[in-house]
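> This is model.tsv (TSV, C-alpha atoms).
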chain	number	residue	atom	x	y	z
H	247	MET	CA	71.33	-12.81	19.04
H	248	ILE	CA	67.67	-13.42	19.95
H	249	GLY	CA	66.62	-12.14	16.54
H	250	ASN	CA	68.97	-14.57	14.81
H	251	TRP	CA	67.60	-17.50	16.84
H	252	ASN	CA	64.00	-16.48	16.02
H	253	THR	CA	64.84	-16.23	12.31
H	254	THR	CA	66.51	-19.65	12.33
H	255	ALA	CA	63.58	-21.22	14.19
H	256	ALA	CA	61.09	-19.69	11.74
H	257	ARG	CA	63.03	-21.03	8.75
H	258	THR	CA	63.22	-24.47	10.35
H	259	LEU	CA	59.46	-24.54	10.97
H	260	ARG	CA	58.74	-23.48	7.38
H	261	GLY	CA	61.07	-26.21	6.14
H	262	LEU	CA	59.35	-28.86	8.26
H	263	ARG	CA	55.93	-27.83	7.01
H	264	GLY	CA	57.14	-28.31	3.45
H	265	THR	CA	58.29	-31.91	3.97
H	266	SER	CA	56.21	-35.06	3.75
H	267	ALA	CA	57.49	-36.30	7.14
H	268	PRO	CA	57.91	-33.24	9.38
H	269	MET	CA	57.56	-35.08	12.67
H	270	THR	CA	60.33	-37.54	11.83
H	271	TYR	CA	62.73	-34.69	11.17
H	272	ALA	CA	61.46	-32.76	14.18
H	273	LEU	CA	62.11	-35.76	16.46
H	274	ILE	CA	65.62	-36.08	15.06
H	275	ALA	CA	66.24	-32.36	15.58
H	276	VAL	CA	64.98	-32.45	19.18
H	277	CYS	CA	67.11	-35.48	20.07
H	278	CYS	CA	70.19	-33.86	18.55
H	279	LEU	CA	69.55	-30.55	20.31
H	280	VAL	CA	68.99	-32.22	23.68
H	281	PHE	CA	72.19	-34.20	23.27
H	282	VAL	CA	74.33	-31.24	22.22
H	283	LEU	CA	73.12	-29.16	25.18
H	284	GLY	CA	73.56	-32.02	27.67
H	285	PRO	CA	76.72	-33.23	29.40
H	286	ALA	CA	77.14	-36.39	27.31
H	287	SER	CA	78.15	-34.43	24.20
H	288	GLY	CA	81.13	-32.82	25.91
H	289	LEU	CA	80.37	-29.57	24.06
H	290	THR	CA	78.85	-27.62	26.95
H	291	THR	CA	81.66	-26.28	29.10
H	292	SER	CA	79.41	-25.40	32.02
H	293	TYR	CA	79.39	-29.07	33.08
H	294	GLY	CA	83.13	-29.01	33.69
H	295	THR	CA	85.66	-31.67	32.74
H	296	GLY	CA	87.05	-34.90	34.15
H	297	ALA	CA	85.42	-36.08	37.37
H	298	ALA	CA	83.04	-33.12	37.45
H	299	LEU	CA	81.74	-33.95	33.97
H	300	ALA	CA	81.31	-37.63	34.85
H	301	THR	CA	79.32	-36.68	37.94
H	302	ALA	CA	77.15	-34.32	35.91
H	303	GLN	CA	76.50	-37.06	33.35
H	304	ARG	CA	75.40	-39.55	36.00
H	305	ALA	CA	73.07	-37.02	37.58
H	306	TYR	CA	71.69	-36.05	34.19
H	307	PHE	CA	70.95	-39.62	33.14
H	308	ARG	CA	69.40	-40.40	36.52
H	309	GLY	CA	67.21	-37.31	36.38
H	310	TRP	CA	65.93	-37.74	32.83
H	311	GLY	CA	66.36	-41.46	32.25
H	312	VAL	CA	64.44	-44.46	33.52
H	313	VAL	CA	65.68	-45.93	36.80
H	314	PRO	CA	63.52	-49.06	37.24
H	315	ALA	CA	63.76	-49.19	41.04
H	316	ASP	CA	62.74	-45.53	41.33
H	317	LEU	CA	60.01	-45.91	38.73
H	318	PHE	CA	58.02	-48.27	40.91
H	319	ASP	CA	59.04	-47.17	44.40
H	320	GLY	CA	59.78	-43.48	43.89
H	321	PRO	CA	57.54	-40.40	43.57
H	322	ALA	CA	54.78	-40.21	40.96
H	323	GLY	CA	56.89	-37.93	38.79
H	324	GLU	CA	59.13	-40.89	37.95
H	325	LEU	CA	56.33	-42.18	35.73
H	326	LEU	CA	57.25	-39.44	33.25
H	327	THR	CA	60.80	-40.69	32.81
H	328	PRO	CA	59.99	-43.33	30.13
H	329	ALA	CA	58.89	-40.35	28.01
H	330	THR	CA	61.80	-38.03	28.78
H	331	ALA	CA	64.33	-40.86	28.33
H	332	LEU	CA	63.32	-41.12	24.65
H	333	PHE	CA	65.10	-37.85	23.95
H	334	VAL	CA	68.30	-38.50	25.93
H	335	HIS	CA	71.31	-40.39	24.56
H	336	GLY	CA	74.48	-41.55	26.22
H	337	SER	CA	77.11	-40.93	23.52
H	338	TRP	CA	77.65	-39.70	19.99
H	339	VAL	CA	77.57	-43.27	18.68
H	340	HIS	CA	74.33	-43.96	20.55
H	341	LEU	CA	72.70	-40.81	19.16
H	342	LEU	CA	73.87	-41.17	15.56
H	343	GLY	CA	72.96	-44.86	15.37
H	344	ASN	CA	69.44	-44.21	16.58
H	345	MET	CA	68.92	-41.14	14.39
H	346	LEU	CA	70.14	-43.02	11.33
H	347	PHE	CA	67.49	-45.69	11.83
H	348	LEU	CA	64.80	-43.08	12.48
H	349	PHE	CA	65.80	-41.14	9.36
H	350	VAL	CA	65.78	-44.24	7.15
H	351	PHE	CA	62.53	-45.81	8.33
H	352	GLY	CA	60.60	-42.98	9.98
H	353	ALA	CA	59.73	-40.86	6.95
H	354	MET	CA	57.87	-43.53	4.98
H	355	THR	CA	56.12	-44.76	8.11
H	356	GLU	CA	54.99	-41.23	8.97
H	357	GLU	CA	53.75	-40.65	5.42
H	358	ARG	CA	51.61	-43.79	5.71
H	359	MET	CA	50.27	-43.05	9.20
H	360	GLY	CA	50.00	-39.29	9.11
H	361	ARG	CA	51.72	-36.76	11.35
H	362	VAL	CA	49.54	-36.94	14.46
H	363	GLU	CA	49.10	-40.70	14.48
H	364	PHE	CA	52.80	-41.28	13.85
H	365	THR	CA	53.81	-38.97	16.71
H	366	LEU	CA	51.44	-40.64	19.17
H	367	PHE	CA	52.52	-44.06	17.93
H	368	TYR	CA	56.21	-43.20	18.37
H	369	LEU	CA	55.82	-41.77	21.86
H	370	GLY	CA	53.35	-44.41	23.05
H	371	CYS	CA	55.31	-47.42	21.84
H	372	GLY	CA	58.56	-45.91	23.09
H	373	TYR	CA	57.07	-45.35	26.52
H	374	LEU	CA	55.71	-48.90	26.71
H	375	ALA	CA	58.97	-50.43	25.50
H	376	LEU	CA	60.97	-48.70	28.24
H	377	LEU	CA	58.27	-49.52	30.79
H	378	GLY	CA	58.41	-53.19	29.83
H	379	TYR	CA	62.19	-53.16	30.20
H	380	ALA	CA	61.83	-51.56	33.63
H	381	VAL	CA	59.33	-54.21	34.72
H	382	ALA	CA	61.80	-56.95	33.75
H	383	ASN	CA	64.58	-55.21	35.72
H	384	ALA	CA	62.46	-53.81	38.53
H	385	THR	CA	65.22	-53.71	41.15
H	386	SER	CA	67.85	-52.09	38.93
H	387	GLN	CA	69.38	-48.77	39.92
H	388	GLN	CA	70.96	-48.19	36.51
H	389	SER	CA	69.63	-45.43	34.28
H	390	LEU	CA	68.19	-46.30	30.88
H	391	VAL	CA	68.14	-43.66	28.15
H	392	GLY	CA	67.62	-43.58	24.41
H	393	ALA	CA	65.00	-43.71	21.67
H	394	SER	CA	65.69	-47.39	20.91
H	395	GLY	CA	62.28	-48.68	21.94
H	396	ALA	CA	60.38	-46.09	19.91
H	397	ILE	CA	62.58	-46.53	16.84
H	398	SER	CA	62.26	-50.31	17.08
H	399	ALA	CA	58.48	-49.80	16.97
H	400	VAL	CA	58.95	-47.82	13.77
H	401	LEU	CA	60.93	-50.74	12.33
H	402	GLY	CA	58.14	-53.15	13.26
H	403	ALA	CA	55.48	-50.98	11.63
H	404	PHE	CA	57.67	-50.47	8.56
H	405	LEU	CA	58.04	-54.23	8.17
H	406	TYR	CA	54.26	-54.68	8.10
H	407	LEU	CA	53.48	-51.66	5.94
H	408	PHE	CA	56.34	-51.95	3.43
H	409	PRO	CA	57.52	-55.59	3.43
H	410	SER	CA	58.88	-55.39	-0.13
H	411	ALA	CA	60.71	-52.07	0.17
H	412	ARG	CA	64.38	-52.69	-0.52
H	413	VAL	CA	66.85	-51.59	2.14
H	414	THR	CA	70.58	-51.11	1.63
H	415	SER	CA	72.51	-52.85	4.41
H	416	LEU	CA	76.19	-53.00	5.28
H	417	LEU	CA	77.07	-56.47	6.53
H	418	PRO	CA	80.40	-56.87	8.37
H	419	PHE	CA	80.83	-60.54	7.46
H	420	LEU	CA	80.65	-59.52	3.77
H	421	PHE	CA	83.33	-56.84	4.21
H	422	PHE	CA	80.68	-54.12	4.59
H	423	LEU	CA	79.62	-54.37	0.96
H	424	PRO	CA	76.37	-52.40	0.43
H	425	LEU	CA	73.73	-54.96	-0.53
H	426	ARG	CA	70.03	-54.38	-1.09
H	427	PHE	CA	67.46	-56.68	0.47
H	428	PRO	CA	63.69	-56.40	0.96
H	429	ALA	CA	62.50	-55.27	4.37
H	430	TRP	CA	61.00	-58.69	5.09
H	431	VAL	CA	64.57	-60.06	5.05
H	432	VAL	CA	66.48	-57.23	6.76
H	433	LEU	CA	64.16	-56.40	9.65
H	434	PRO	CA	63.38	-59.93	10.88
H	435	PHE	CA	67.13	-60.58	10.70
H	436	TRP	CA	67.71	-57.49	12.84
H	437	ALA	CA	65.07	-58.67	15.34
H	438	ALA	CA	66.70	-62.11	15.48
H	439	LEU	CA	70.02	-60.46	16.33
H	440	GLN	CA	68.36	-58.63	19.21
H	441	TRP	CA	66.91	-61.90	20.47
H	442	LEU	CA	70.25	-63.67	20.31
H	443	ALA	CA	71.97	-60.74	22.02
H	444	LEU	CA	69.33	-60.74	24.75
H	445	ASP	CA	69.86	-64.44	25.36
H	446	ARG	CA	73.62	-63.98	25.68
H	447	ALA	CA	73.59	-60.70	27.59
H	448	PRO	CA	74.41	-60.80	31.31
H	449	SER	CA	71.55	-60.40	33.75
H	450	GLY	CA	70.54	-56.85	34.56
H	451	PRO	CA	70.59	-53.74	32.40
H	452	GLY	CA	73.09	-52.87	29.71
H	453	VAL	CA	72.18	-52.49	26.05
H	454	ALA	CA	68.39	-52.52	26.10
H	455	TYR	CA	67.82	-55.48	23.77
H	456	LEU	CA	64.58	-56.28	25.56
H	457	ALA	CA	63.28	-52.75	24.89
H	458	HIS	CA	64.19	-53.25	21.23
H	459	LEU	CA	62.16	-56.46	21.03
H	460	ILE	CA	59.19	-55.04	22.93
H	461	GLY	CA	59.13	-51.96	20.71
H	462	PHE	CA	59.47	-54.01	17.52
H	463	GLY	CA	56.59	-56.27	18.56
H	464	LEU	CA	54.39	-53.33	19.54
H	465	GLY	CA	55.04	-51.57	16.25
H	466	PHE	CA	54.33	-54.61	14.10
H	467	GLY	CA	51.24	-55.49	16.14
H	468	TYR	CA	49.89	-51.95	15.97
H	469	ALA	CA	50.27	-51.79	12.19
H	470	TRP	CA	48.67	-55.20	11.82
H	471	VAL	CA	45.63	-54.28	13.92
H	472	ARG	CA	45.32	-50.70	12.70
H	473	TYR	CA	45.73	-51.20	8.97
H	474	GLY	CA	44.77	-54.81	8.33
H	475	ARG	CA	45.87	-57.03	5.51
H	476	THR	CA	44.20	-55.05	2.72
H	477	THR	CA	46.23	-51.86	3.23
H	478	ARG	CA	49.77	-53.24	3.09
H	479	VAL	CA	52.05	-51.57	0.57
H	480	ARG	CA	53.86	-54.27	-1.38
H	481	SER	CA	56.25	-52.05	-3.27
H	482	ALA	CA	57.67	-48.69	-2.37
H	483	PRO	CA	60.69	-46.51	-3.11
H	484	ALA	CA	63.76	-47.78	-1.34
H	485	PRO	CA	64.69	-45.82	1.78
H	486	ALA	CA	68.05	-44.15	2.20
H	487	PRO	CA	71.07	-46.38	2.98
H	488	GLU	CA	71.14	-47.95	6.40
H	489	GLY	CA	74.22	-48.79	8.43
H	490	GLU	CA	74.83	-51.58	10.87
H	491	ASN	CA	74.41	-49.55	14.11
H	492	GLN	CA	71.63	-50.78	16.33
H	493	PRO	CA	69.12	-48.47	18.02
Would you mind giving the structure from this file in structure tokens?

Amino acid sequence: MIGNWNTTAARTLRGLRGTSAPMTYALIAVCCLVFVLGPASGLTTSYGTGAALATAQRAYFRGWGVVPADLFDGPAGELLTPATALFVHGSWVHLLGNMLFLFVFGAMTEERMGRVEFTLFYLGCGYLALLGYAVANATSQQSLVGASGAISAVLGAFLYLFPSARVTSLLPFLFFLPLRFPAWVVLPFWAALQWLALDRAPSGPGVAYLAHLIGFGLGFGYAWVRYGRTTRVRSAPAPAPEGENQP
């Protein structure tokens, strides 16, 4: 069994080294692995079922997610939770929606930035997005998990770096017909939806629209400062189709 796992891991590493965006695929793989092994997937029988599983899920999210009240008043170790929360997801829909966005927009962004810079950018912006959300909800006891803030930063950087890249979108009010639009249309529209949802959302935590907006702004601002106006890519191959799920 150990030999099989080692062989599989070696093949995976060789495959990642042969791609142009290994860190994007590695991040997707890690998020999927963490989810499958955790209680939210429902695939690991050791967590039990029914009430026992629900209790395990709450403890899991509280241990690895961001709890704003604990972040500022708890032990120093809580400061690590905005990093660990980036790899934890609450449901299959949550995971697949986030990974779809990362798959579509992460590869081209990583190719432009490079592996090391992209990884640091992803983790740093994701951390700051969740931290900003925690500051705005400093008394909340509710756990916050997910890669939304980091992936939103990738969207912001993609918008600056590849404004003319055409993205296939499925719009519900057009009967989910696949239509292609440039990134400068799709991504600001997505950001506007987050803003409207934030304005209508009830007070306190829920879907982290604020983390989405913070991450998006950080990503766009970083690309603007880091690469300047002369390095923008005005045309690029269209990324893979994108669905309507939000990170």
> Considering only C-alpha atoms, state which residue in the set H:Gly336, H:Gly474, H:Gly370, H:Gly320 is at the smallest distance from Gly284 (chain H).
H:Gly336
> Using only C-alpha atoms, which residues sit within 12 Å of Ala300 (chain H) once same-chain residues fewer than 3 positions away are excluded, as a PyMOL selection string?
chain H and resi 284-288+293-297+303-307+336
> Deliver the residues from the most recent selection as a file, using C-alpha atoms, as a short mmCIF file (atom, residue, chain, number, x, y, z; two decimals), keeping the file's coordinate frame.

data_model
loop_
_atom_site.label_atom_id
_atom_site.label_comp_id
_atom_site.auth_asym_id
_atom_site.auth_seq_id
_atom_site.Cartn_x
_atom_site.Cartn_y
_atom_site.Cartn_z
CA GLY H 284 73.56 -32.02 27.67
CA PRO H 285 76.72 -33.23 29.40
CA ALA H 286 77.14 -36.39 27.31
CA SER H 287 78.15 -34.43 24.20
CA GLY H 288 81.13 -32.82 25.91
CA TYR H 293 79.39 -29.07 33.08
CA GLY H 294 83.13 -29.01 33.69
CA THR H 295 85.66 -31.67 32.74
CA GLY H 296 87.05 -34.90 34.15
CA ALA H 297 85.42 -36.08 37.37
CA GLN H 303 76.50 -37.06 33.35
CA ARG H 304 75.40 -39.55 36.00
CA ALA H 305 73.07 -37.02 37.58
CA TYR H 306 71.69 -36.05 34.19
CA PHE H 307 70.95 -39.62 33.14
CA GLY H 336 74.48 -41.55 26.22
#
> Separation of CA of Gly360 (chain H) and CA of Leu459 (chain H), in Å?
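According to the coordinates, CA of Gly360 (chain H) and CA of Leu459 (chain H) are separated by 24.2 Å.
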> When you draw a straight line from CA of Ala382 (chain H) to CA of Leu341 (chain H), how long is it in Å?
24.3 Å
> List every residue of region 322-394 of chain H that has an atom at most 9 Å from any atom of region 266-277 of chain H, giving for each one its closest atom pair and the distance in Å to one decimal, counting all atoms listed in the file, sorted by chain and then by ascending residue number, as CSV.

residue,atom,partner,partner_atom,distance
H:Leu332,CA,H:Cys277,CA,8.2
H:Phe333,CA,H:Cys277,CA,5.0
H:Val334,CA,H:Cys277,CA,6.7
H:His335,CA,H:Cys277,CA,7.9
H:Leu341,CA,H:Cys277,CA,7.8
H:Met345,CA,H:Ile274,CA,6.1
H:Leu348,CA,H:Thr270,CA,7.1
H:Phe349,CA,H:Thr270,CA,7.0
H:Gly352,CA,H:Thr270,CA,5.8
H:Ala353,CA,H:Ala267,CA,5.1
H:Met354,CA,H:Ala267,CA,7.6
H:Thr355,CA,H:Ala267,CA,8.6
H:Glu356,CA,H:Ala267,CA,5.8
H:Glu357,CA,H:Ala267,CA,6.0
H:Gly360,CA,H:Ala267,CA,8.3
H:Arg361,CA,H:Met269,CA,6.2
H:Val362,CA,H:Met269,CA,8.4
H:Phe364,CA,H:Met269,CA,7.9
H:Thr365,CA,H:Met269,CA,6.7
H:Ala393,CA,H:Cys277,CA,8.6
